[in-house]
file input10.pdb (PDB, C-alpha atoms, pLDDT in the B column)
ATOM      1  CA  MET V 186     167.006 169.287 198.653  1.00 36.00           C
ATOM      2  CA  SER V 187     169.878 170.170 196.356  1.00 40.00           C
ATOM      3  CA  LYS V 188     173.126 171.428 197.862  1.00 44.00           C
ATOM      4  CA  GLY V 189     173.075 174.303 195.399  1.00 45.00           C
ATOM      5  CA  THR V 190     176.888 174.334 195.108  1.00 53.00           C
ATOM      6  CA  PRO V 191     178.016 175.206 191.567  1.00 46.00           C
ATOM      7  CA  GLY V 192     179.363 172.155 189.755  1.00 53.00           C
ATOM      8  CA  VAL V 193     178.052 169.736 192.362  1.00 83.00           C
ATOM      9  CA  ARG V 194     175.337 167.493 190.971  1.00 94.00           C
ATOM     10  CA  TYR V 195     173.877 166.316 194.242  1.00 95.00           C
ATOM     11  CA  ALA V 196     170.442 165.989 195.809  1.00 96.00           C
ATOM     12  CA  GLU V 197     168.850 164.762 199.033  1.00 97.00           C
ATOM     13  CA  LEU V 198     165.123 164.073 199.112  1.00 97.00           C
ATOM     14  CA  GLU V 199     162.577 162.465 201.395  1.00 97.00           C
ATOM     15  CA  ARG V 200     158.970 161.519 200.661  1.00 96.00           C
ATOM     16  CA  GLU V 201     156.471 160.145 203.133  1.00 97.00           C
ATOM     17  CA  THR V 202     152.952 158.910 202.422  1.00 95.00           C
ATOM     18  CA  ARG V 203     150.506 156.674 204.246  1.00 95.00           C
ATOM     19  CA  GLU V 204     152.089 153.685 202.476  1.00 94.00           C
ATOM     20  CA  THR V 205     155.810 154.480 202.362  1.00 96.00           C
ATOM     21  CA  ARG V 206     158.713 156.565 203.540  1.00 97.00           C
ATOM     22  CA  VAL V 207     161.601 156.963 201.086  1.00 98.00           C
ATOM     23  CA  GLN V 208     164.904 158.782 201.557  1.00 98.00           C
ATOM     24  CA  VAL V 209     167.366 159.274 198.703  1.00 98.00           C
ATOM     25  CA  VAL V 210     170.867 160.766 198.608  1.00 97.00           C
ATOM     26  CA  LEU V 211     172.303 161.091 195.104  1.00 96.00           C
ATOM     27  CA  ASP V 212     175.648 162.255 193.692  1.00 96.00           C
ATOM     28  CA  LEU V 213     175.860 161.981 189.912  1.00 95.00           C
ATOM     29  CA  ASP V 214     179.628 162.438 189.903  1.00 92.00           C
ATOM     30  CA  GLY V 215     180.510 159.756 192.418  1.00 84.00           C
ATOM     31  CA  GLY V 216     180.186 156.112 191.540  1.00 80.00           C
ATOM     32  CA  THR V 217     181.976 154.392 194.401  1.00 87.00           C
ATOM     33  CA  LYS V 218     179.283 154.275 197.104  1.00 94.00           C
ATOM     34  CA  GLN V 219     175.960 152.472 197.064  1.00 96.00           C
ATOM     35  CA  ASP V 220     173.975 151.914 200.250  1.00 97.00           C
ATOM     36  CA  ILE V 221     170.479 150.726 199.403  1.00 98.00           C
ATOM     37  CA  SER V 222     167.822 149.190 201.622  1.00 98.00           C
ATOM     38  CA  THR V 223     164.219 148.905 200.448  1.00 98.00           C
ATOM     39  CA  GLY V 224     163.175 145.687 202.189  1.00 97.00           C
ATOM     40  CA  ILE V 225     163.113 143.956 198.782  1.00 98.00           C
ATOM     41  CA  GLY V 226     166.420 142.167 198.340  1.00 98.00           C
ATOM     42  CA  PHE V 227     166.374 141.704 194.587  1.00 98.00           C
ATOM     43  CA  PHE V 228     165.290 145.315 194.074  1.00 98.00           C
ATOM     44  CA  ASP V 229     168.236 146.451 196.221  1.00 98.00           C
ATOM     45  CA  HIS V 230     170.514 144.375 193.999  1.00 98.00           C
ATOM     46  CA  MET V 231     169.107 145.921 190.818  1.00 98.00           C
ATOM     47  CA  LEU V 232     169.349 149.487 192.120  1.00 98.00           C
ATOM     48  CA  THR V 233     172.933 148.859 193.185  1.00 98.00           C
ATOM     49  CA  LEU V 234     173.761 147.692 189.662  1.00 98.00           C
ATOM     50  CA  LEU V 235     172.044 150.736 188.140  1.00 98.00           C
ATOM     51  CA  ALA V 236     174.034 153.095 190.370  1.00 97.00           C
ATOM     52  CA  PHE V 237     177.336 151.266 189.920  1.00 97.00           C
ATOM     53  CA  HIS V 238     177.139 151.195 186.125  1.00 97.00           C
ATOM     54  CA  GLY V 239     175.786 154.737 186.134  1.00 97.00           C
ATOM     55  CA  SER V 240     178.791 155.932 188.192  1.00 96.00           C
ATOM     56  CA  ILE V 241     176.369 157.320 190.773  1.00 96.00           C
ATOM     57  CA  ASP V 242     176.849 157.526 194.526  1.00 96.00           C
ATOM     58  CA  LEU V 243     173.450 156.458 195.789  1.00 97.00           C
ATOM     59  CA  GLY V 244     171.878 156.009 199.185  1.00 98.00           C
ATOM     60  CA  ILE V 245     168.285 154.794 199.451  1.00 98.00           C
ATOM     61  CA  LYS V 246     166.333 153.875 202.541  1.00 98.00           C
ATOM     62  CA  ALA V 247     162.732 152.843 201.996  1.00 98.00           C
ATOM     63  CA  GLU V 248     160.080 151.497 204.333  1.00 97.00           C
ATOM     64  CA  GLY V 249     156.539 150.637 203.423  1.00 95.00           C
ATOM     65  CA  ASP V 250     153.574 148.319 203.373  1.00 94.00           C
ATOM     66  CA  LEU V 251     155.393 145.233 202.129  1.00 94.00           C
ATOM     67  CA  HIS V 252     152.877 143.145 204.056  1.00 93.00           C
ATOM     68  CA  VAL V 253     150.428 144.190 201.306  1.00 93.00           C
ATOM     69  CA  ASP V 254     152.769 143.847 198.320  1.00 93.00           C
ATOM     70  CA  ASP V 255     155.836 145.494 196.844  1.00 97.00           C
ATOM     71  CA  HIS V 256     154.120 147.936 194.480  1.00 97.00           C
ATOM     72  CA  HIS V 257     154.019 151.065 196.641  1.00 97.00           C
ATOM     73  CA  VAL V 258     157.658 150.787 197.729  1.00 98.00           C
ATOM     74  CA  VAL V 259     158.975 150.160 194.210  1.00 98.00           C
ATOM     75  CA  GLU V 260     156.918 152.945 192.657  1.00 98.00           C
ATOM     76  CA  ASP V 261     157.744 155.470 195.368  1.00 98.00           C
ATOM     77  CA  VAL V 262     161.463 154.714 195.131  1.00 98.00           C
ATOM     78  CA  GLY V 263     161.153 155.467 191.416  1.00 98.00           C
ATOM     79  CA  ILE V 264     159.341 158.733 192.170  1.00 98.00           C
ATOM     80  CA  VAL V 265     161.911 159.975 194.692  1.00 98.00           C
ATOM     81  CA  LEU V 266     164.931 158.784 192.711  1.00 98.00           C
ATOM     82  CA  GLY V 267     163.610 160.426 189.545  1.00 98.00           C
ATOM     83  CA  THR V 268     162.946 163.675 191.384  1.00 98.00           C
ATOM     84  CA  ALA V 269     166.432 163.584 192.913  1.00 98.00           C
ATOM     85  CA  PHE V 270     167.954 163.039 189.467  1.00 98.00           C
ATOM     86  CA  ARG V 271     166.063 166.041 188.103  1.00 97.00           C
ATOM     87  CA  GLU V 272     167.192 168.185 191.041  1.00 96.00           C
ATOM     88  CA  ALA V 273     170.815 167.127 190.644  1.00 96.00           C
ATOM     89  CA  MET V 274     170.673 167.893 186.918  1.00 95.00           C
ATOM     90  CA  ARG V 275     168.887 171.228 187.345  1.00 90.00           C
ATOM     91  CA  ASP V 276     171.830 173.456 186.426  1.00 81.00           C
ATOM     92  CA  SER V 277     173.556 171.028 184.052  1.00 79.00           C
ATOM     93  CA  LEU V 278     172.887 172.376 180.573  1.00 76.00           C
ATOM     94  CA  ASN V 279     176.228 171.297 179.102  1.00 90.00           C
ATOM     95  CA  VAL V 280     175.531 167.569 178.929  1.00 94.00           C
ATOM     96  CA  THR V 281     175.584 165.029 176.133  1.00 95.00           C
ATOM     97  CA  ARG V 282     171.792 164.645 176.488  1.00 96.00           C
ATOM     98  CA  TYR V 283     171.353 161.591 174.232  1.00 97.00           C
ATOM     99  CA  ALA V 284     172.681 158.084 174.859  1.00 98.00           C
ATOM    100  CA  SER V 285     172.007 154.528 173.767  1.00 98.00           C
ATOM    101  CA  ASN V 286     173.595 151.157 174.400  1.00 98.00           C
ATOM    102  CA  HIS V 287     173.191 147.442 173.913  1.00 98.00           C
ATOM    103  CA  THR V 288     173.908 145.624 177.161  1.00 98.00           C
ATOM    104  CA  PRO V 289     174.294 141.828 177.317  1.00 98.00           C
ATOM    105  CA  MET V 290     173.940 139.611 180.358  1.00 98.00           C
ATOM    106  CA  ASP V 291     174.706 136.057 179.258  1.00 98.00           C
ATOM    107  CA  GLU V 292     171.874 135.130 176.856  1.00 98.00           C
ATOM    108  CA  ALA V 293     169.937 138.368 177.565  1.00 98.00           C
ATOM    109  CA  LEU V 294     170.390 141.506 175.479  1.00 98.00           C
ATOM    110  CA  VAL V 295     168.792 144.887 176.198  1.00 98.00           C
ATOM    111  CA  LEU V 296     168.679 148.086 174.177  1.00 98.00           C
ATOM    112  CA  THR V 297     168.260 151.345 176.113  1.00 98.00           C
ATOM    113  CA  ALA V 298     168.000 154.785 174.506  1.00 98.00           C
ATOM    114  CA  ILE V 299     167.728 157.933 176.641  1.00 98.00           C
ATOM    115  CA  ASP V 300     167.040 161.606 175.993  1.00 98.00           C
ATOM    116  CA  LEU V 301     167.331 164.062 178.869  1.00 97.00           C
ATOM    117  CA  SER V 302     164.643 166.121 177.174  1.00 93.00           C
ATOM    118  CA  GLY V 303     162.642 167.370 180.137  1.00 94.00           C
ATOM    119  CA  ARG V 304     159.676 165.515 178.638  1.00 96.00           C
ATOM    120  CA  PRO V 305     158.780 162.244 180.387  1.00 97.00           C
ATOM    121  CA  HIS V 306     158.088 159.223 178.226  1.00 98.00           C
ATOM    122  CA  LEU V 307     158.681 155.509 178.708  1.00 98.00           C
ATOM    123  CA  SER V 308     158.560 152.830 176.056  1.00 98.00           C
ATOM    124  CA  PHE V 309     159.151 149.520 177.839  1.00 98.00           C
ATOM    125  CA  ASP V 310     159.169 146.262 175.897  1.00 98.00           C
ATOM    126  CA  ALA V 311     160.017 143.319 178.153  1.00 98.00           C
ATOM    127  CA  GLN V 312     158.322 140.012 178.802  1.00 96.00           C
ATOM    128  CA  PHE V 313     158.932 137.997 181.951  1.00 98.00           C
ATOM    129  CA  GLN V 314     157.997 134.378 182.533  1.00 97.00           C
ATOM    130  CA  ARG V 315     157.920 134.586 186.320  1.00 97.00           C
ATOM    131  CA  GLU V 316     155.635 136.703 188.493  1.00 98.00           C
ATOM    132  CA  LYS V 317     158.452 137.377 190.932  1.00 98.00           C
ATOM    133  CA  ILE V 318     162.235 137.388 191.067  1.00 98.00           C
ATOM    134  CA  GLY V 319     163.027 137.003 194.719  1.00 97.00           C
ATOM    135  CA  GLU V 320     160.532 139.328 196.403  1.00 97.00           C
ATOM    136  CA  LEU V 321     160.306 141.743 193.464  1.00 98.00           C
ATOM    137  CA  SER V 322     157.219 141.445 191.274  1.00 98.00           C
ATOM    138  CA  THR V 323     158.315 141.517 187.659  1.00 98.00           C
ATOM    139  CA  GLU V 324     155.369 143.773 186.771  1.00 97.00           C
ATOM    140  CA  CYS V 325     156.814 146.354 189.163  1.00 98.00           C
ATOM    141  CA  ILE V 326     159.992 146.688 187.100  1.00 98.00           C
ATOM    142  CA  ARG V 327     158.090 148.679 184.496  1.00 98.00           C
ATOM    143  CA  GLU V 328     156.395 150.677 187.269  1.00 98.00           C
ATOM    144  CA  PHE V 329     159.774 151.685 188.688  1.00 98.00           C
ATOM    145  CA  PHE V 330     160.993 153.025 185.352  1.00 98.00           C
ATOM    146  CA  ARG V 331     157.650 154.705 184.626  1.00 98.00           C
ATOM    147  CA  ALA V 332     157.823 156.517 187.972  1.00 98.00           C
ATOM    148  CA  PHE V 333     161.468 157.454 187.441  1.00 98.00           C
ATOM    149  CA  VAL V 334     161.098 158.978 183.970  1.00 98.00           C
ATOM    150  CA  SER V 335     157.858 160.764 184.940  1.00 98.00           C
ATOM    151  CA  HIS V 336     159.587 162.629 187.754  1.00 98.00           C
ATOM    152  CA  ALA V 337     163.037 162.972 186.184  1.00 98.00           C
ATOM    153  CA  GLY V 338     161.695 164.410 182.919  1.00 97.00           C
ATOM    154  CA  VAL V 339     163.472 161.745 180.868  1.00 98.00           C
ATOM    155  CA  THR V 340     162.520 160.004 177.642  1.00 98.00           C
ATOM    156  CA  ALA V 341     163.579 156.349 177.773  1.00 98.00           C
ATOM    157  CA  HIS V 342     163.133 153.425 175.427  1.00 98.00           C
ATOM    158  CA  ILE V 343     163.961 150.047 176.961  1.00 98.00           C
ATOM    159  CA  ARG V 344     163.665 146.977 174.790  1.00 98.00           C
ATOM    160  CA  VAL V 345     164.630 143.385 175.536  1.00 98.00           C
ATOM    161  CA  LEU V 346     166.049 141.962 172.313  1.00 98.00           C
ATOM    162  CA  ALA V 347     166.916 138.489 173.613  1.00 98.00           C
ATOM    163  CA  GLY V 348     166.751 136.462 176.799  1.00 98.00           C
ATOM    164  CA  SER V 349     165.226 133.437 178.471  1.00 97.00           C
ATOM    165  CA  ASN V 350     166.319 133.856 182.102  1.00 98.00           C
ATOM    166  CA  ASP V 351     164.287 136.488 183.947  1.00 98.00           C
ATOM    167  CA  HIS V 352     167.109 137.270 186.380  1.00 98.00           C
ATOM    168  CA  HIS V 353     169.487 137.946 183.496  1.00 98.00           C
ATOM    169  CA  ILE V 354     166.889 140.059 181.668  1.00 98.00           C
ATOM    170  CA  ALA V 355     166.227 142.218 184.724  1.00 98.00           C
ATOM    171  CA  GLU V 356     169.924 142.610 185.414  1.00 98.00           C
ATOM    172  CA  ALA V 357     170.615 143.672 181.833  1.00 98.00           C
ATOM    173  CA  ILE V 358     167.782 146.221 181.999  1.00 98.00           C
ATOM    174  CA  PHE V 359     169.050 147.936 185.147  1.00 98.00           C
ATOM    175  CA  LYS V 360     172.680 147.883 184.016  1.00 98.00           C
ATOM    176  CA  SER V 361     171.742 149.245 180.615  1.00 98.00           C
ATOM    177  CA  PHE V 362     169.663 152.037 182.107  1.00 98.00           C
ATOM    178  CA  GLY V 363     172.491 153.025 184.449  1.00 98.00           C
ATOM    179  CA  LEU V 364     174.939 153.150 181.558  1.00 98.00           C
ATOM    180  CA  GLY V 365     172.468 155.252 179.582  1.00 98.00           C
ATOM    181  CA  LEU V 366     172.051 157.767 182.403  1.00 98.00           C
ATOM    182  CA  LYS V 367     175.815 158.052 182.810  1.00 97.00           C
ATOM    183  CA  ASP V 368     176.424 158.679 179.125  1.00 97.00           C
ATOM    184  CA  ALA V 369     173.493 161.056 178.630  1.00 97.00           C
ATOM    185  CA  SER V 370     174.417 163.156 181.685  1.00 96.00           C
ATOM    186  CA  ARG V 371     178.102 163.290 180.798  1.00 95.00           C
ATOM    187  CA  LEU V 372     179.404 166.871 180.932  1.00 92.00           C
ATOM    188  CA  THR V 373     180.664 168.331 177.659  1.00 90.00           C
ATOM    189  CA  ASP V 374     181.976 171.659 176.359  1.00 84.00           C
ATOM    190  CA  ARG V 375     178.861 172.013 174.227  1.00 68.00           C
ATOM    191  CA  LYS V 376     176.256 174.128 175.983  1.00 61.00           C
ATOM    192  CA  LEU V 377     172.482 173.900 176.259  1.00 49.00           C
ATOM    193  CA  GLY V 378     172.076 170.165 175.999  1.00 47.00           C
ATOM    194  CA  SER V 379     173.143 169.903 172.348  1.00 46.00           C
ATOM    195  CA  THR V 380     169.987 171.543 170.993  1.00 51.00           C
ATOM    196  CA  THR V 381     169.474 174.174 168.294  1.00 47.00           C
ATOM    197  CA  LYS V 382     166.727 175.917 170.284  1.00 51.00           C
ATOM    198  CA  GLY V 383     168.792 177.041 173.252  1.00 52.00           C
ATOM    199  CA  LYS V 384     167.041 174.704 175.672  1.00 53.00           C
ATOM    200  CA  ARG V 385     166.209 171.038 176.016  1.00 51.00           C
ATOM    201  CA  ASP V 386     163.261 170.633 173.672  1.00 54.00           C
TER     202      ASP V 386
END
call {"tool": "encode", "arguments": {"input": "input10.pdb", "output": "structure tokens"}}
result
Amino acid sequence: MSKGTPGVRYAELERETRETRVQVVLDLDGGTKQDISTGIGFFDHMLTLLAFHGSIDLGIKAEGDLHVDDHHVVEDVGIVLGTAFREAMRDSLNVTRYASNHTPMDEALVLTAIDLSGRPHLSFDAQFQREKIGELSTECIREFFRAFVSHAGVTAHIRVLAGSNDHHIAEAIFKSFGLGLKDASRLTDRKLGSTTKGKRD
């Protein structure tokens, strides 16, 4: 649950189902600490990159039915992380709201555009050649972002513009998304999320 301290954009959440148990600690104004363990090494690496480039202190501990496959763990991490982001942002009306970037990783290039609108939507355009990168199923990458935006209330467009190496493509996606979250959630002097309606819509 959120600390509730004014000016502190922080949340702690836990979710347990028959398939998984996920704990998340999130500080949007940190950026120096990442401690992530999901049982899926490449996923840990990607989440660490997202948090580092998003200037987020992030702790994640996830356990689940990896003997079946990785889907439940990846999706549930997205659910809890998205919910934690929403909780941490709950009282932050004076944010930039919109952000976009082009992020390269060697031959890969990814465009990410984000709106902290309160309305969940994901447009995800990425093709992978491999079924897995390490122990992470490439099809689960989209599922992670779908779960995140659905529970964070974020509109996100993620598009791979170039790339031939799946590792590089995935890395560019997670870095780009982290950068987008950082820029969109940046505090400003302009109130109410830069909208003419007095709220984020």
call {"tool": "closest_residue", "arguments": {"input": "input10.pdb", "among": "V:Asp250, V:Glu260, V:Glu356, V:Asp351", "to": "Glu316 of chain V", "atoms": "all atoms listed in the file"}}
result
V:Asp351
call {"tool": "resolve_selection", "arguments": {"input": "input10.pdb", "expression": "the PyMOL selection byres ((chain V and resi 295-309) around 8)", "output": "PyMOL selection string"}}
result
chain V and resi 282-289+293-294+310-311+327+330-331+334-347+354+357-358+361-362+365-366+369-370+385-386
call {"tool": "atom_distance", "arguments": {"input": "input10.pdb", "atom1": "atom CA of Glu204 of chain V", "atom2": "atom CA of Leu234 of chain V"}}
result
25.9 Å
call {"tool": "closest_atom_pairs", "arguments": {"input": "input10.pdb", "of": "segment 238-310 of chain V", "to": "segment 206-213 of chain V", "cutoff": "8 Å", "atoms": "only C-alpha atoms", "output": "CSV"}}
result
residue,atom,partner,partner_atom,distance
V:Ser240,CA,V:Leu213,CA,6.9
V:Ile241,CA,V:Leu213,CA,4.8
V:Asp242,CA,V:Asp212,CA,4.9
V:Leu243,CA,V:Leu211,CA,4.8
V:Gly244,CA,V:Val210,CA,4.9
V:Ile245,CA,V:Val209,CA,4.6
V:Lys246,CA,V:Gln208,CA,5.2
V:Ala247,CA,V:Val207,CA,4.4
V:Glu248,CA,V:Arg206,CA,5.3
V:Gly249,CA,V:Arg206,CA,6.3
V:Asp261,CA,V:Val207,CA,7.1
V:Val262,CA,V:Val207,CA,6.4
V:Val265,CA,V:Val209,CA,6.8
V:Leu266,CA,V:Val209,CA,6.5
V:Ala269,CA,V:Leu211,CA,6.7
V:Phe270,CA,V:Leu211,CA,7.4
V:Ala273,CA,V:Leu213,CA,7.2
call {"tool": "resolve_selection", "arguments": {"input": "input10.pdb", "expression": "the PyMOL selection byres ((chain V and resi 313) around 10)", "output": "list in words"}}
result
Ala311, Gln312, Gln314, Arg315, Glu316, Lys317, Ile318, Thr323, Glu324, Gly348, Ser349, Asn350, Asp351, His352, Ile354 and Ala355 of chain V
call {"tool": "build_atoms", "arguments": {"input": "input10.pdb", "residues": "segment 342-365 of chain V", "atoms": "N, CA, C and O atoms", "output": "mmCIF file, in the frame of the given file"}}
result
data_model
loop_
_atom_site.group_PDB
_atom_site.id
_atom_site.type_symbol
_atom_site.label_atom_id
_atom_site.label_comp_id
_atom_site.auth_asym_id
_atom_site.auth_seq_id
_atom_site.Cartn_x
_atom_site.Cartn_y
_atom_site.Cartn_z
ATOM 1 N N HIS V 342 163.603 154.604 176.144
ATOM 2 C CA HIS V 342 163.133 153.425 175.427
ATOM 3 C C HIS V 342 163.967 152.245 175.906
ATOM 4 O O HIS V 342 165.202 152.262 175.803
ATOM 5 N N ILE V 343 163.297 151.243 176.448
ATOM 6 C CA ILE V 343 163.961 150.047 176.961
ATOM 7 C C ILE V 343 163.352 148.848 176.256
ATOM 8 O O ILE V 343 162.141 148.630 176.327
ATOM 9 N N ARG V 344 164.180 148.102 175.575
ATOM 10 C CA ARG V 344 163.665 146.977 174.790
ATOM 11 C C ARG V 344 164.534 145.745 174.997
ATOM 12 O O ARG V 344 165.756 145.793 174.798
ATOM 13 N N VAL V 345 163.918 144.652 175.401
ATOM 14 C CA VAL V 345 164.630 143.385 175.536
ATOM 15 C C VAL V 345 164.678 142.719 174.161
ATOM 16 O O VAL V 345 163.640 142.395 173.585
ATOM 17 N N LEU V 346 165.867 142.533 173.649
ATOM 18 C CA LEU V 346 166.049 141.962 172.313
ATOM 19 C C LEU V 346 166.236 140.453 172.348
ATOM 20 O O LEU V 346 165.958 139.773 171.357
ATOM 21 N N ALA V 347 166.708 139.931 173.477
ATOM 22 C CA ALA V 347 166.916 138.489 173.613
ATOM 23 C C ALA V 347 166.964 138.159 175.093
ATOM 24 O O ALA V 347 167.277 139.005 175.922
ATOM 25 N N GLY V 348 166.641 136.906 175.413
ATOM 26 C CA GLY V 348 166.751 136.462 176.799
ATOM 27 C C GLY V 348 165.718 135.426 177.163
ATOM 28 O O GLY V 348 164.579 135.475 176.682
ATOM 29 N N SER V 349 166.133 134.480 177.998
ATOM 30 C CA SER V 349 165.226 133.437 178.471
ATOM 31 C C SER V 349 165.215 133.326 179.990
ATOM 32 O O SER V 349 164.302 132.731 180.555
ATOM 33 N N ASN V 350 166.205 133.898 180.649
ATOM 34 C CA ASN V 350 166.319 133.856 182.102
ATOM 35 C C ASN V 350 165.892 135.208 182.661
ATOM 36 O O ASN V 350 166.509 136.243 182.379
ATOM 37 N N ASP V 351 164.821 135.225 183.455
ATOM 38 C CA ASP V 351 164.287 136.488 183.947
ATOM 39 C C ASP V 351 165.284 137.274 184.787
ATOM 40 O O ASP V 351 165.307 138.513 184.741
ATOM 41 N N HIS V 352 166.087 136.583 185.578
ATOM 42 C CA HIS V 352 167.109 137.270 186.380
ATOM 43 C C HIS V 352 168.080 138.002 185.464
ATOM 44 O O HIS V 352 168.413 139.172 185.684
ATOM 45 N N HIS V 353 168.545 137.331 184.427
ATOM 46 C CA HIS V 353 169.487 137.946 183.496
ATOM 47 C C HIS V 353 168.851 139.123 182.763
ATOM 48 O O HIS V 353 169.496 140.155 182.537
ATOM 49 N N ILE V 354 167.586 138.972 182.362
ATOM 50 C CA ILE V 354 166.889 140.059 181.668
ATOM 51 C C ILE V 354 166.790 141.289 182.561
ATOM 52 O O ILE V 354 167.108 142.415 182.146
ATOM 53 N N ALA V 355 166.356 141.094 183.801
ATOM 54 C CA ALA V 355 166.227 142.218 184.724
ATOM 55 C C ALA V 355 167.578 142.875 184.976
ATOM 56 O O ALA V 355 167.694 144.112 184.985
ATOM 57 N N GLU V 356 168.594 142.069 185.158
ATOM 58 C CA GLU V 356 169.924 142.610 185.414
ATOM 59 C C GLU V 356 170.419 143.427 184.232
ATOM 60 O O GLU V 356 170.972 144.524 184.399
ATOM 61 N N ALA V 357 170.201 142.936 183.026
ATOM 62 C CA ALA V 357 170.615 143.672 181.833
ATOM 63 C C ALA V 357 169.861 144.987 181.710
ATOM 64 O O ALA V 357 170.427 146.011 181.302
ATOM 65 N N ILE V 358 168.578 144.996 182.072
ATOM 66 C CA ILE V 358 167.782 146.221 181.999
ATOM 67 C C ILE V 358 168.344 147.292 182.933
ATOM 68 O O ILE V 358 168.560 148.443 182.526
ATOM 69 N N PHE V 359 168.583 146.944 184.181
ATOM 70 C CA PHE V 359 169.050 147.936 185.147
ATOM 71 C C PHE V 359 170.474 148.398 184.835
ATOM 72 O O PHE V 359 170.783 149.590 184.975
ATOM 73 N N LYS V 360 171.331 147.483 184.410
ATOM 74 C CA LYS V 360 172.680 147.883 184.016
ATOM 75 C C LYS V 360 172.633 148.818 182.817
ATOM 76 O O LYS V 360 173.328 149.846 182.768
ATOM 77 N N SER V 361 171.842 148.454 181.830
ATOM 78 C CA SER V 361 171.742 149.245 180.615
ATOM 79 C C SER V 361 171.214 150.644 180.901
ATOM 80 O O SER V 361 171.704 151.644 180.351
ATOM 81 N N PHE V 362 170.219 150.731 181.767
ATOM 82 C CA PHE V 362 169.663 152.037 182.107
ATOM 83 C C PHE V 362 170.697 152.891 182.845
ATOM 84 O O PHE V 362 170.818 154.092 182.580
ATOM 85 N N GLY V 363 171.440 152.291 183.757
ATOM 86 C CA GLY V 363 172.491 153.025 184.449
ATOM 87 C C GLY V 363 173.541 153.549 183.497
ATOM 88 O O GLY V 363 173.962 154.717 183.583
ATOM 89 N N LEU V 364 173.969 152.717 182.560
ATOM 90 C CA LEU V 364 174.939 153.150 181.558
ATOM 91 C C LEU V 364 174.388 154.291 180.719
ATOM 92 O O LEU V 364 175.096 155.250 180.388
ATOM 93 N N GLY V 365 173.096 154.196 180.364
ATOM 94 C CA GLY V 365 172.468 155.252 179.582
ATOM 95 C C GLY V 365 172.426 156.573 180.324
ATOM 96 O O GLY V 365 172.713 157.635 179.749
#
